[in-house]
$ cat structure02.tsv   # TSV, C-alpha atoms
chain	number	residue	atom	x	y	z
A	1	MET	CA	-25.70	94.47	-65.32
A	2	THR	CA	-26.70	91.39	-67.34
A	3	TYR	CA	-26.76	91.07	-71.12
A	4	LEU	CA	-28.94	88.05	-71.96
A	5	ASP	CA	-29.14	88.00	-75.75
A	6	ASP	CA	-27.55	86.25	-78.70
A	7	GLY	CA	-24.72	88.39	-79.98
A	8	SER	CA	-24.26	90.14	-76.64
A	9	ILE	CA	-20.59	89.07	-76.61
A	10	ARG	CA	-20.02	92.23	-78.68
A	11	THR	CA	-20.85	94.39	-75.65
A	12	VAL	CA	-17.45	93.61	-74.07
A	13	GLU	CA	-15.91	96.54	-75.93
A	14	THR	CA	-18.62	98.87	-74.63
A	15	ILE	CA	-18.20	97.63	-71.06
A	16	LEU	CA	-14.40	97.98	-71.09
A	17	ALA	CA	-14.75	101.48	-72.49
A	18	SER	CA	-17.24	102.40	-69.79
A	19	GLN	CA	-14.71	101.27	-67.17
A	20	ASN	CA	-11.88	103.16	-68.91
A	21	SER	CA	-10.03	99.86	-69.02
A	22	ARG	CA	-6.67	99.79	-70.76
A	23	ARG	CA	-5.24	96.72	-69.00
A	24	PRO	CA	-7.78	93.87	-68.88
A	25	PHE	CA	-6.87	90.58	-67.21
A	26	VAL	CA	-8.50	87.63	-69.01
A	27	VAL	CA	-9.10	84.34	-67.20
A	28	TYR	CA	-10.08	81.88	-69.88
A	29	ASP	CA	-10.49	78.25	-70.78
A	30	GLU	CA	-8.27	77.90	-73.85
A	31	THR	CA	-10.42	75.35	-75.66
A	32	ALA	CA	-13.69	77.12	-74.92
A	33	TYR	CA	-12.30	80.52	-75.86
A	34	VAL	CA	-11.47	79.36	-79.38
A	35	SER	CA	-14.27	76.87	-80.08
A	36	SER	CA	-17.07	79.04	-78.69
A	37	GLY	CA	-16.32	81.87	-81.10
A	38	ALA	CA	-15.32	84.24	-78.29
A	39	GLN	CA	-11.80	84.62	-79.66
A	40	ALA	CA	-13.04	85.70	-83.07
A	41	ALA	CA	-15.51	88.14	-81.53
A	42	LEU	CA	-13.08	89.70	-79.04
A	43	GLN	CA	-9.74	89.59	-80.84
A	44	SER	CA	-9.65	93.27	-81.78
A	45	THR	CA	-10.99	94.35	-78.37
A	46	PHE	CA	-8.10	92.73	-76.52
A	47	ALA	CA	-5.50	93.46	-79.20
A	48	ASN	CA	-6.10	97.18	-78.70
A	49	ARG	CA	-5.34	96.95	-74.97
A	50	ALA	CA	-2.44	95.79	-72.80
A	51	THR	CA	-4.13	92.47	-72.08
A	52	THR	CA	-2.79	89.85	-69.66
A	53	TRP	CA	-3.91	86.26	-70.22
A	54	PHE	CA	-4.30	83.51	-67.62
A	55	SER	CA	-5.35	79.95	-68.44
A	56	GLN	CA	-2.97	77.83	-66.37
A	57	PHE	CA	-5.54	76.05	-64.22
A	58	GLU	CA	-7.08	72.60	-63.88
A	59	LEU	CA	-10.77	71.68	-63.90
A	60	ASN	CA	-12.41	72.51	-60.55
A	61	PRO	CA	-10.64	75.50	-58.92
A	62	LYS	CA	-7.60	74.56	-56.84
A	63	LEU	CA	-5.77	76.88	-54.45
A	64	PRO	CA	-2.32	76.69	-56.14
A	65	ASP	CA	-3.87	77.70	-59.48
A	66	VAL	CA	-5.73	80.57	-57.82
A	67	GLU	CA	-2.57	81.77	-56.07
A	68	GLN	CA	-0.71	81.71	-59.38
A	69	GLY	CA	-3.45	83.83	-60.94
A	70	VAL	CA	-3.39	86.27	-58.03
A	71	GLU	CA	0.37	86.73	-58.38
A	72	LEU	CA	0.10	87.32	-62.12
A	73	PHE	CA	-2.78	89.76	-61.65
A	74	ARG	CA	-0.83	91.81	-59.12
A	75	LYS	CA	2.20	92.01	-61.40
A	76	SER	CA	0.09	93.00	-64.40
A	77	GLN	CA	-1.49	96.01	-62.69
A	78	SER	CA	-4.67	95.21	-64.59
A	79	ASP	CA	-7.82	97.24	-64.06
A	80	VAL	CA	-10.62	94.81	-65.05
A	81	ILE	CA	-10.98	91.03	-64.95
A	82	VAL	CA	-12.76	89.22	-67.78
A	83	ALA	CA	-13.74	85.57	-67.26
A	84	ILE	CA	-14.48	83.43	-70.32
A	85	GLY	CA	-15.37	79.77	-69.97
A	86	GLY	CA	-17.31	77.44	-67.71
A	87	GLY	CA	-17.70	77.44	-63.95
A	88	THR	CA	-14.01	76.81	-63.28
A	89	ALA	CA	-12.81	79.85	-65.24
A	90	ILE	CA	-15.46	82.11	-63.75
A	91	ASP	CA	-14.89	80.94	-60.17
A	92	ILE	CA	-11.12	81.38	-60.52
A	93	ALA	CA	-11.66	84.90	-61.86
A	94	LYS	CA	-13.91	85.68	-58.89
A	95	LEU	CA	-11.28	84.36	-56.49
A	96	ILE	CA	-8.52	86.39	-58.15
A	97	ALA	CA	-10.66	89.52	-57.90
A	98	ALA	CA	-11.34	88.87	-54.22
A	99	LEU	CA	-7.95	87.63	-53.03
A	100	SER	CA	-5.64	89.93	-55.01
A	101	GLN	CA	-6.55	92.86	-52.77
A	102	GLN	CA	-6.06	91.05	-49.45
A	103	THR	CA	-3.05	91.15	-47.13
A	104	ASP	CA	-3.79	87.88	-45.33
A	105	PRO	CA	-2.84	84.51	-46.87
A	106	ALA	CA	-5.40	83.14	-49.32
A	107	ALA	CA	-5.71	79.80	-47.53
A	108	ALA	CA	-6.50	81.47	-44.21
A	109	ILE	CA	-9.24	83.58	-45.81
A	110	ILE	CA	-10.75	80.65	-47.68
A	111	ARG	CA	-10.80	78.50	-44.53
A	112	GLY	CA	-12.53	81.31	-42.64
A	113	GLU	CA	-9.58	81.89	-40.32
A	114	ARG	CA	-9.17	85.49	-41.52
A	115	PRO	CA	-11.87	87.89	-42.78
A	116	LEU	CA	-12.27	88.78	-46.44
A	117	ALA	CA	-11.89	92.56	-46.72
A	118	ASP	CA	-13.83	94.59	-49.28
A	119	PHE	CA	-12.43	94.74	-52.79
A	120	ASP	CA	-13.36	96.65	-55.92
A	121	ILE	CA	-12.00	94.98	-59.07
A	122	PRO	CA	-14.63	95.09	-61.85
A	123	LEU	CA	-15.44	91.60	-63.15
A	124	ILE	CA	-17.06	90.66	-66.45
A	125	ALA	CA	-18.31	87.03	-66.55
A	126	ILE	CA	-18.93	85.38	-69.92
A	127	PRO	CA	-20.11	81.75	-69.60
A	128	THR	CA	-19.47	79.40	-72.52
A	129	THR	CA	-21.59	76.66	-70.93
A	130	ALA	CA	-25.24	76.56	-69.85
A	131	GLY	CA	-25.34	75.14	-66.38
A	132	THR	CA	-23.03	76.22	-63.59
A	133	GLY	CA	-24.71	79.55	-62.91
A	134	SER	CA	-21.41	80.92	-61.58
A	135	GLU	CA	-21.93	84.17	-63.46
A	136	ALA	CA	-24.99	84.85	-61.27
A	137	THR	CA	-23.69	84.00	-57.79
A	138	HIS	CA	-21.79	85.82	-55.04
A	139	PHE	CA	-19.68	82.82	-54.04
A	140	ALA	CA	-16.87	80.78	-55.59
A	141	VAL	CA	-15.73	77.20	-55.06
A	142	VAL	CA	-12.10	76.31	-54.38
A	143	TYR	CA	-10.38	73.09	-53.32
A	144	ILE	CA	-7.52	72.93	-50.82
A	145	GLN	CA	-5.93	69.47	-50.90
A	146	ASN	CA	-9.18	67.83	-52.09
A	147	GLU	CA	-11.26	69.60	-49.43
A	148	LYS	CA	-13.91	71.83	-50.93
A	149	PHE	CA	-14.53	75.38	-49.67
A	150	SER	CA	-16.83	78.17	-50.78
A	151	LEU	CA	-15.79	81.81	-50.48
A	152	ALA	CA	-18.72	84.22	-50.31
A	153	HIS	CA	-18.94	88.01	-50.43
A	154	PRO	CA	-21.43	90.42	-52.06
A	155	HIS	CA	-18.69	91.81	-54.33
A	156	ILE	CA	-17.88	88.33	-55.69
A	157	LEU	CA	-21.03	88.64	-57.79
A	158	PRO	CA	-19.79	89.83	-61.22
A	159	GLN	CA	-20.67	93.43	-61.98
A	160	PHE	CA	-21.27	92.54	-65.63
A	161	THR	CA	-22.59	89.27	-67.05
A	162	ILE	CA	-22.87	88.37	-70.71
A	163	VAL	CA	-25.06	85.32	-71.43
A	164	ASP	CA	-24.81	84.66	-75.16
A	165	SER	CA	-26.15	81.24	-76.15
A	166	GLN	CA	-24.18	81.35	-79.40
A	167	LEU	CA	-21.07	80.69	-77.30
A	168	THR	CA	-22.49	77.25	-76.35
A	169	ARG	CA	-23.00	76.00	-79.90
A	170	SER	CA	-19.77	74.02	-80.07
A	171	LEU	CA	-20.13	72.36	-76.66
A	172	PRO	CA	-19.64	68.58	-76.79
A	173	ARG	CA	-22.65	66.48	-75.88
A	174	SER	CA	-21.10	65.32	-72.60
A	175	ILE	CA	-20.42	68.86	-71.34
A	176	THR	CA	-23.87	70.06	-72.43
A	177	ALA	CA	-25.39	67.21	-70.41
A	178	ALA	CA	-23.21	67.66	-67.32
A	179	THR	CA	-23.60	71.42	-67.06
A	180	GLY	CA	-27.29	71.23	-67.89
A	181	LEU	CA	-27.83	68.68	-65.13
A	182	ASP	CA	-26.14	71.05	-62.71
A	183	ALA	CA	-28.76	73.68	-63.56
A	184	PHE	CA	-31.53	71.06	-63.32
A	185	CYS	CA	-30.42	70.12	-59.79
A	186	GLN	CA	-29.93	73.75	-58.79
A	187	ALA	CA	-33.51	74.57	-59.76
A	188	ILE	CA	-35.00	71.64	-57.83
A	189	GLU	CA	-32.77	72.12	-54.79
A	190	SER	CA	-33.53	75.82	-54.69
A	191	LEU	CA	-37.23	75.05	-54.48
A	192	TRP	CA	-36.88	72.94	-51.34
A	193	ALA	CA	-33.92	74.78	-49.77
A	194	VAL	CA	-34.21	76.14	-46.23
A	195	GLY	CA	-32.75	79.39	-47.58
A	196	SER	CA	-35.39	79.85	-50.28
A	197	THR	CA	-37.35	83.07	-50.65
A	198	ASP	CA	-40.27	84.09	-52.85
A	199	GLN	CA	-37.76	85.51	-55.33
A	200	SER	CA	-35.56	82.41	-55.50
A	201	ILE	CA	-38.64	80.22	-55.83
A	202	ALA	CA	-39.81	82.37	-58.75
A	203	TYR	CA	-36.44	82.06	-60.51
A	204	ALA	CA	-36.31	78.29	-59.99
A	205	SER	CA	-39.93	77.81	-61.02
A	206	GLU	CA	-39.20	79.51	-64.33
A	207	ALA	CA	-35.93	77.66	-64.85
A	208	LEU	CA	-37.08	74.08	-64.23
A	209	PRO	CA	-39.64	73.73	-67.06
A	210	LEU	CA	-37.19	75.41	-69.47
A	211	ILE	CA	-34.55	72.81	-68.60
A	212	VAL	CA	-36.96	69.89	-68.93
A	213	GLU	CA	-38.04	71.18	-72.33
A	214	ASN	CA	-34.66	72.16	-73.76
A	215	LEU	CA	-31.85	70.09	-72.25
A	216	PRO	CA	-32.57	66.76	-74.02
A	217	ILE	CA	-32.76	68.58	-77.35
A	218	ALA	CA	-29.58	70.56	-76.63
A	219	VAL	CA	-27.77	67.29	-75.87
A	220	LEU	CA	-29.20	64.93	-78.48
A	221	ALA	CA	-30.18	67.17	-81.44
A	222	PRO	CA	-29.17	70.74	-80.60
A	223	THR	CA	-31.01	73.69	-82.10
A	224	ALA	CA	-30.52	77.42	-81.65
A	225	LYS	CA	-33.80	77.51	-79.71
A	226	SER	CA	-32.73	74.78	-77.28
A	227	ARG	CA	-29.37	76.49	-76.69
A	228	ARG	CA	-31.13	79.80	-75.99
A	229	GLY	CA	-33.56	78.08	-73.65
A	230	MET	CA	-30.78	76.40	-71.71
A	231	SER	CA	-28.69	79.57	-71.44
A	232	ARG	CA	-31.65	81.44	-69.98
A	233	ALA	CA	-32.62	78.56	-67.69
A	234	ALA	CA	-29.09	78.10	-66.37
A	235	HIS	CA	-28.81	81.81	-65.60
A	236	LEU	CA	-32.14	81.73	-63.76
A	237	ALA	CA	-31.08	78.66	-61.77
A	238	GLY	CA	-27.88	80.50	-60.85
A	239	LYS	CA	-29.89	83.49	-59.67
A	240	ALA	CA	-32.03	81.11	-57.60
A	241	ILE	CA	-29.12	79.46	-55.78
A	242	ASN	CA	-27.47	82.85	-55.31
A	243	ILE	CA	-30.29	83.45	-52.85
A	244	SER	CA	-31.18	80.00	-51.55
A	245	ARG	CA	-27.84	78.17	-51.83
A	246	THR	CA	-27.77	74.45	-52.65
A	247	THR	CA	-28.67	71.45	-50.52
A	248	ALA	CA	-28.00	67.74	-49.99
A	249	PRO	CA	-27.36	66.55	-53.57
A	250	HIS	CA	-24.69	69.22	-54.00
A	251	ALA	CA	-23.27	68.50	-50.54
A	252	ILE	CA	-22.87	64.82	-51.45
A	253	SER	CA	-21.57	65.48	-54.96
A	254	TYR	CA	-18.18	66.96	-54.14
A	255	ALA	CA	-16.77	63.68	-52.82
A	256	ILE	CA	-18.23	61.81	-55.80
A	257	THR	CA	-16.30	64.13	-58.10
A	258	SER	CA	-13.06	64.22	-56.11
A	259	ARG	CA	-12.97	60.48	-55.36
A	260	HIS	CA	-14.46	59.03	-58.54
A	261	GLY	CA	-13.92	61.67	-61.22
A	262	PHE	CA	-17.50	62.25	-62.35
A	263	PRO	CA	-18.29	65.75	-63.69
A	264	HIS	CA	-19.95	67.96	-61.11
A	265	GLY	CA	-23.43	68.09	-62.63
A	266	VAL	CA	-23.48	64.33	-63.20
A	267	ALA	CA	-22.37	63.74	-59.60
A	268	VAL	CA	-25.13	65.97	-58.22
A	269	ALA	CA	-27.82	64.29	-60.29
A	270	MET	CA	-26.99	60.80	-58.98
A	271	THR	CA	-28.76	61.44	-55.67
A	272	LEU	CA	-31.54	63.79	-56.78
A	273	SER	CA	-34.49	61.39	-57.05
A	274	ARG	CA	-33.67	59.64	-53.77
A	275	MET	CA	-33.38	62.97	-52.01
A	276	LEU	CA	-36.73	64.09	-53.44
A	277	LYS	CA	-38.39	61.09	-51.79
A	278	TYR	CA	-36.40	61.56	-48.60
A	279	ASN	CA	-37.38	65.21	-48.26
A	280	ALA	CA	-41.00	64.40	-49.06
A	281	SER	CA	-41.14	62.26	-45.90
A	282	VAL	CA	-40.13	65.13	-43.62
A	283	GLN	CA	-41.64	65.10	-40.13
A	284	ALA	CA	-41.72	67.70	-37.37
A	285	ALA	CA	-38.89	65.91	-35.56
A	286	ASP	CA	-36.46	66.20	-38.48
A	287	CYS	CA	-37.71	69.33	-40.28
A	288	ALA	CA	-34.83	71.80	-40.67
A	289	ASP	CA	-36.94	74.56	-42.23
A	290	PRO	CA	-38.33	77.00	-39.65
A	291	ARG	CA	-41.36	77.50	-41.90
A	292	GLY	CA	-42.42	73.98	-40.94
A	293	VAL	CA	-43.43	70.64	-42.43
A	294	SER	CA	-46.42	71.98	-44.34
A	295	PHE	CA	-44.26	74.53	-46.16
A	296	VAL	CA	-41.71	71.88	-47.16
A	297	GLN	CA	-44.47	69.59	-48.38
A	298	ARG	CA	-45.95	72.42	-50.46
A	299	GLN	CA	-42.56	72.92	-52.06
A	300	ILE	CA	-42.29	69.21	-52.84
A	301	ASP	CA	-45.77	69.40	-54.39
A	302	ARG	CA	-44.59	72.38	-56.45
A	303	ILE	CA	-41.66	70.33	-57.78
A	304	VAL	CA	-44.00	67.45	-58.65
A	305	ASP	CA	-46.23	69.88	-60.56
A	306	LEU	CA	-43.33	71.51	-62.38
A	307	LEU	CA	-42.20	68.06	-63.50
A	308	ALA	CA	-45.70	67.58	-64.98
A	309	SER	CA	-46.36	64.68	-62.62
A	310	GLN	CA	-49.36	63.56	-60.60
A	311	THR	CA	-47.55	61.78	-57.79
A	312	LEU	CA	-44.22	61.81	-55.99
A	313	GLU	CA	-43.35	58.42	-57.43
A	314	GLU	CA	-44.04	59.63	-60.97
A	315	ALA	CA	-41.87	62.72	-60.41
A	316	SER	CA	-39.05	60.58	-59.06
A	317	GLN	CA	-39.24	58.27	-62.06
A	318	LYS	CA	-39.29	61.28	-64.41
A	319	ILE	CA	-36.12	62.61	-62.83
A	320	ASP	CA	-34.34	59.30	-63.35
A	321	SER	CA	-35.66	58.93	-66.91
A	322	PHE	CA	-34.57	62.48	-67.71
A	323	ILE	CA	-31.04	61.82	-66.43
A	324	ALA	CA	-30.80	58.45	-68.18
A	325	LYS	CA	-31.95	59.95	-71.48
A	326	LEU	CA	-28.90	62.21	-71.34
A	327	GLY	CA	-26.64	59.14	-71.00
A	328	CYS	CA	-25.83	59.76	-67.33
A	329	PRO	CA	-26.09	57.48	-64.27
A	330	THR	CA	-29.15	57.88	-62.07
A	331	SER	CA	-27.60	56.59	-58.83
A	332	LEU	CA	-24.28	55.79	-57.19
A	333	GLN	CA	-24.82	52.12	-57.99
A	334	ALA	CA	-25.47	52.87	-61.67
A	335	ALA	CA	-22.19	54.80	-61.67
A	336	GLY	CA	-20.29	51.77	-60.38
A	337	ILE	CA	-20.00	53.09	-56.82
A	338	ASN	CA	-21.50	49.95	-55.42
A	339	THR	CA	-19.72	48.92	-52.22
A	340	ARG	CA	-20.57	50.11	-48.77
A	341	PRO	CA	-17.01	51.26	-47.97
A	342	GLN	CA	-17.06	53.47	-51.09
A	343	ILE	CA	-20.35	55.05	-50.02
A	344	GLU	CA	-19.16	55.42	-46.42
A	345	ALA	CA	-16.16	57.38	-47.69
A	346	ILE	CA	-18.46	59.71	-49.63
A	347	VAL	CA	-20.72	60.28	-46.62
A	348	GLN	CA	-17.71	61.10	-44.43
A	349	GLN	CA	-16.82	63.98	-46.79
A	350	VAL	CA	-20.31	65.46	-47.07
A	351	ASN	CA	-20.38	69.26	-46.89
A	352	ALA	CA	-22.06	70.04	-43.56
A	353	GLU	CA	-23.01	73.63	-44.50
A	354	ARG	CA	-24.99	72.55	-47.53
A	355	MET	CA	-26.59	69.67	-45.64
A	356	SER	CA	-27.88	72.21	-43.09
A	357	ASN	CA	-29.75	73.91	-45.95
A	358	ASN	CA	-31.63	70.69	-46.76
A	359	PRO	CA	-35.24	70.84	-45.48
A	360	ARG	CA	-35.01	67.43	-43.78
A	361	SER	CA	-32.07	66.85	-41.47
A	362	SER	CA	-30.08	63.64	-41.48
A	363	THR	CA	-27.33	61.83	-39.65
A	364	SER	CA	-24.40	60.06	-41.24
A	365	ALA	CA	-26.20	56.79	-40.56
A	366	THR	CA	-29.47	57.82	-42.24
A	367	LEU	CA	-27.59	59.29	-45.18
A	368	LEU	CA	-25.56	56.10	-45.57
A	369	ASP	CA	-28.71	53.99	-45.55
A	370	LEU	CA	-30.36	56.28	-48.08
A	371	LEU	CA	-27.44	56.19	-50.51
A	372	ALA	CA	-26.47	52.55	-50.01
A	373	GLY	CA	-29.94	51.25	-50.73
A	374	GLY	CA	-29.21	47.71	-49.60
A	375	VAL	CA	-25.64	47.58	-50.87
A	376	SER	CA	-23.63	44.84	-49.20
A	377	ALA	CA	-21.12	45.76	-46.50
A	378	VAL	CA	-18.62	43.40	-48.15
A	379	THR	CA	-16.06	45.10	-50.40
A	380	SER	CA	-15.92	44.03	-54.03

$ encode --input "structure02.tsv" --output "C-alpha cells"
Amino acid sequence: MTYLDDGSIRTVETILASQNSRRPFVVYDETAYVSSGAQAALQSTFANRATTWFSQFELNPKLPDVEQGVELFRKSQSDVIVAIGGGTAIDIAKLIAALSQQTDPAAAIIRGERPLADFDIPLIAIPTTAGTGSEATHFAVVYIQNEKFSLAHPHILPQFTIVDSQLTRSLPRSITAATGLDAFCQAIESLWAVGSTDQSIAYASEALPLIVENLPIAVLAPTAKSRRGMSRAAHLAGKAINISRTTAPHAISYAITSRHGFPHGVAVAMTLSRMLKYNASVQAADCADPRGVSFVQRQIDRIVDLLASQTLEEASQKIDSFIAKLGCPTSLQAAGINTRPQIEAIVQQVNAERMSNNPRSSTSATLLDLLAGGVSAVTS
C-alpha cells in the first residue's frame, strides 16, 4: 500500500497498529531523520513501543553493515521494519528483512550461490529524498569488497510506502540534484530498456516530464510544488524500473562511484546523452531487444518527444544542458576522468546484467571508444 500525500508520515501509527506491532526495528539515516521532520512526527509513535534503532552504516550498502543490522534485528525480536532515509537506508532495511530469516550465509545468497528463501517481515519504507525509487522496487543493492550486487525477490518490495514530499524540504541542493538525476536517468533508461512493458513505459512517460519541469526548481529555488512534483516523479520512476530494470548508464555508474567517489545519480547522468545517441544507432546486428530495431527506434523517438525536442541531437543537448544547470558534470571528461587507463578501469567493472538490458549490445572495445571520445591513451 502506498501513501503519496503531504502529511502522510502520520500514517505510520495507523500502519503499526494494523500490524499489531509492539517491537518496531527502525533503520534510519540519523541526519535525515532529524532534519526531515520525521523525528518530530514519529517521536510519540516509537516512544510508545519497544523500538530498536539501527543507523550504523555507510553510504551505499555494504555487506558488513548489513550483517550487523541482521544480527541486531535477530536479537531484538522485532516484528516490523521501518526504513527512514534515502536509498541506502531503504536498501539496507530490505536486506535485513530478507536475510534475517535465512539459514545460509548472507554473502552466499547475495552472490547467487545459495537461494533466497521466502520471508515475511513487514517493511514500511519512508524516503526522505526524491530520486532513488528504492521504496518502489523489489531489489536491493549491496557491495561486497567494492563489487556491486543486486538481491531480488518479490517480497523485497516494501508492503507499505509513505511518500511525503514535506520530508524532502531540508535536503541540501547537492543531494536534491544527485537523487533527482537518478530518477531522471531511471525514467529515460526504463523507456528504452529491453525489459520494458506497456506499464513501465506509462510510469516512465509520466515521470520524465515531471522531472524536467520540477528538478531545476527543486535544486535552485525550491518550492512546495516542485518538491511534490519530484516526490511523485521519483516514485513513478522507481515503479518503472521495478518492472524494466536499468540499463547501460546505471551499469557503468557503479565503478564511477566506487573508484571516483561521485554520488550515484551524478555518476549515472555522466553517460546518459552519449548512450542516447548510441542506442539511437541500433542495427539488426546489435539489437538486444527481441521486439526489434523499429521498436527501439520508436522508444528513442518517444524520449525525444518527452524532452520537447525535434531531433535526436536537440534531445542530447537538452540532457546535457539539464545536467549542467544542476551543477553536475555531463561526461566523464567533465568530471576529471580524462585518461584512457581510468576509463578502461571503469569499463572492466561494468555490470554485465544491466548491460544485457540495454537495447543495443556492445563489447568492451565499443564501450571504451564511446566513453573515451578521443581521450589519449597516455596517462596524465

$ closest_residue --input "structure02.tsv" --among "A:Val347, A:Ile156, A:Ala183, A:Ile144" --to "A:Pro209" --atoms "all atoms listed in the file"
A:Ala183

$ atom_distance --input "structure02.tsv" --atom1 "atom CA of A:Ser55" --atom2 "atom CA of A:Phe119"
22.7 Å

$ closest_residue --input "structure02.tsv" --among "A:Ile323, A:Leu236, A:Ala224, A:Val350" --to "A:Ala202" --atoms "only C-alpha atoms"
A:Leu236

$ atom_distance --input "structure02.tsv" --atom1 "atom CA of A:Glu213" --atom2 "atom CA of A:Gln186"
16.0 Å

$ residues_near_point --input "structure02.tsv" --point "(-27.3, 80.4, -80.7)" --cutoff "6 Å" --atoms "only C-alpha atoms" --output "NGL selection string"
:A and (165-166 or 224 or 227)

$ write_last_selection --input "structure02.tsv" --atoms "C-alpha atoms" --output "mmCIF file, in the coordinates of the input"
data_model
loop_
_atom_site.group_PDB
_atom_site.id
_atom_site.type_symbol
_atom_site.label_atom_id
_atom_site.label_comp_id
_atom_site.auth_asym_id
_atom_site.auth_seq_id
_atom_site.Cartn_x
_atom_site.Cartn_y
_atom_site.Cartn_z
ATOM 1 C CA SER A 165 -26.150 81.240 -76.150
ATOM 2 C CA GLN A 166 -24.180 81.350 -79.400
ATOM 3 C CA ALA A 224 -30.520 77.420 -81.650
ATOM 4 C CA ARG A 227 -29.370 76.490 -76.690
#

$ atom_distance --input "structure02.tsv" --atom1 "atom CA of A:Arg10" --atom2 "atom CA of A:Ala40"
10.5 Å

$ closest_residue --input "structure02.tsv" --among "A:Gly85, A:Gly69, A:Gly229, A:Pro122" --to "A:Asp5" --atoms "all atoms listed in the file"
A:Gly229

$ closest_residue --input "structure02.tsv" --among "A:Ser150, A:Leu371, A:Pro222, A:Ser200" --to "A:Thr339" --atoms "all atoms listed in the file"
A:Leu371

$ closest_residue --input "structure02.tsv" --among "A:Ala315, A:Ile175, A:Val27, A:Ala251" --to "A:Phe149" --atoms "only C-alpha atoms"
A:Ala251

$ closest_residue --input "structure02.tsv" --among "A:Thr247, A:Gln159, A:Gln342, A:Thr129" --to "A:Ala187" --atoms "all atoms listed in the file"
A:Thr247

$ build_atoms --input "structure02.tsv" --residues "stretch 129-142 of chain A" --atoms "N, CA, C and O atoms" --output "compact mmCIF listing (two decimals), keeping the file's coordinate frame"
# COMPACT_ATOMS: atom_id res chain seq x y z
N THR A 129 -20.76 77.83 -71.17
CA THR A 129 -21.59 76.66 -70.93
C THR A 129 -22.94 77.14 -70.41
O THR A 129 -23.08 78.30 -70.02
N ALA A 130 -23.91 76.24 -70.39
CA ALA A 130 -25.24 76.56 -69.85
C ALA A 130 -25.50 75.61 -68.69
O ALA A 130 -26.01 74.52 -68.88
N GLY A 131 -25.10 76.04 -67.48
CA GLY A 131 -25.34 75.14 -66.38
C GLY A 131 -24.81 75.53 -65.03
O GLY A 131 -25.50 75.38 -64.03
N THR A 132 -23.60 76.04 -64.92
CA THR A 132 -23.03 76.22 -63.59
C THR A 132 -23.67 77.38 -62.83
O THR A 132 -23.73 77.36 -61.61
N GLY A 133 -24.11 78.40 -63.54
CA GLY A 133 -24.71 79.55 -62.91
C GLY A 133 -23.72 80.44 -62.18
O GLY A 133 -24.11 81.39 -61.49
N SER A 134 -22.41 80.17 -62.34
CA SER A 134 -21.41 80.92 -61.58
C SER A 134 -21.46 82.41 -61.89
O SER A 134 -21.12 83.24 -61.03
N GLU A 135 -21.89 82.76 -63.10
CA GLU A 135 -21.93 84.17 -63.46
C GLU A 135 -23.00 84.94 -62.67
O GLU A 135 -23.02 86.17 -62.69
N ALA A 136 -23.88 84.21 -61.97
CA ALA A 136 -24.99 84.85 -61.27
C ALA A 136 -24.91 84.71 -59.76
O ALA A 136 -25.88 85.03 -59.07
N THR A 137 -23.77 84.24 -59.23
CA THR A 137 -23.69 84.00 -57.79
C THR A 137 -22.58 84.83 -57.12
O THR A 137 -21.62 85.23 -57.77
N HIS A 138 -22.75 85.01 -55.82
CA HIS A 138 -21.79 85.82 -55.04
C HIS A 138 -20.84 84.94 -54.24
O HIS A 138 -20.30 85.36 -53.22
N PHE A 139 -20.62 83.72 -54.70
CA PHE A 139 -19.68 82.82 -54.04
C PHE A 139 -18.88 82.07 -55.10
O PHE A 139 -19.25 82.01 -56.28
N ALA A 140 -17.75 81.51 -54.68
CA ALA A 140 -16.87 80.78 -55.59
C ALA A 140 -16.31 79.57 -54.87
O ALA A 140 -15.95 79.63 -53.70
N VAL A 141 -16.23 78.47 -55.60
CA VAL A 141 -15.73 77.20 -55.06
C VAL A 141 -14.22 77.12 -55.25
O VAL A 141 -13.69 77.54 -56.28
N VAL A 142 -13.54 76.56 -54.25
CA VAL A 142 -12.10 76.31 -54.38
C VAL A 142 -11.74 75.11 -53.53
O VAL A 142 -12.30 74.91 -52.45
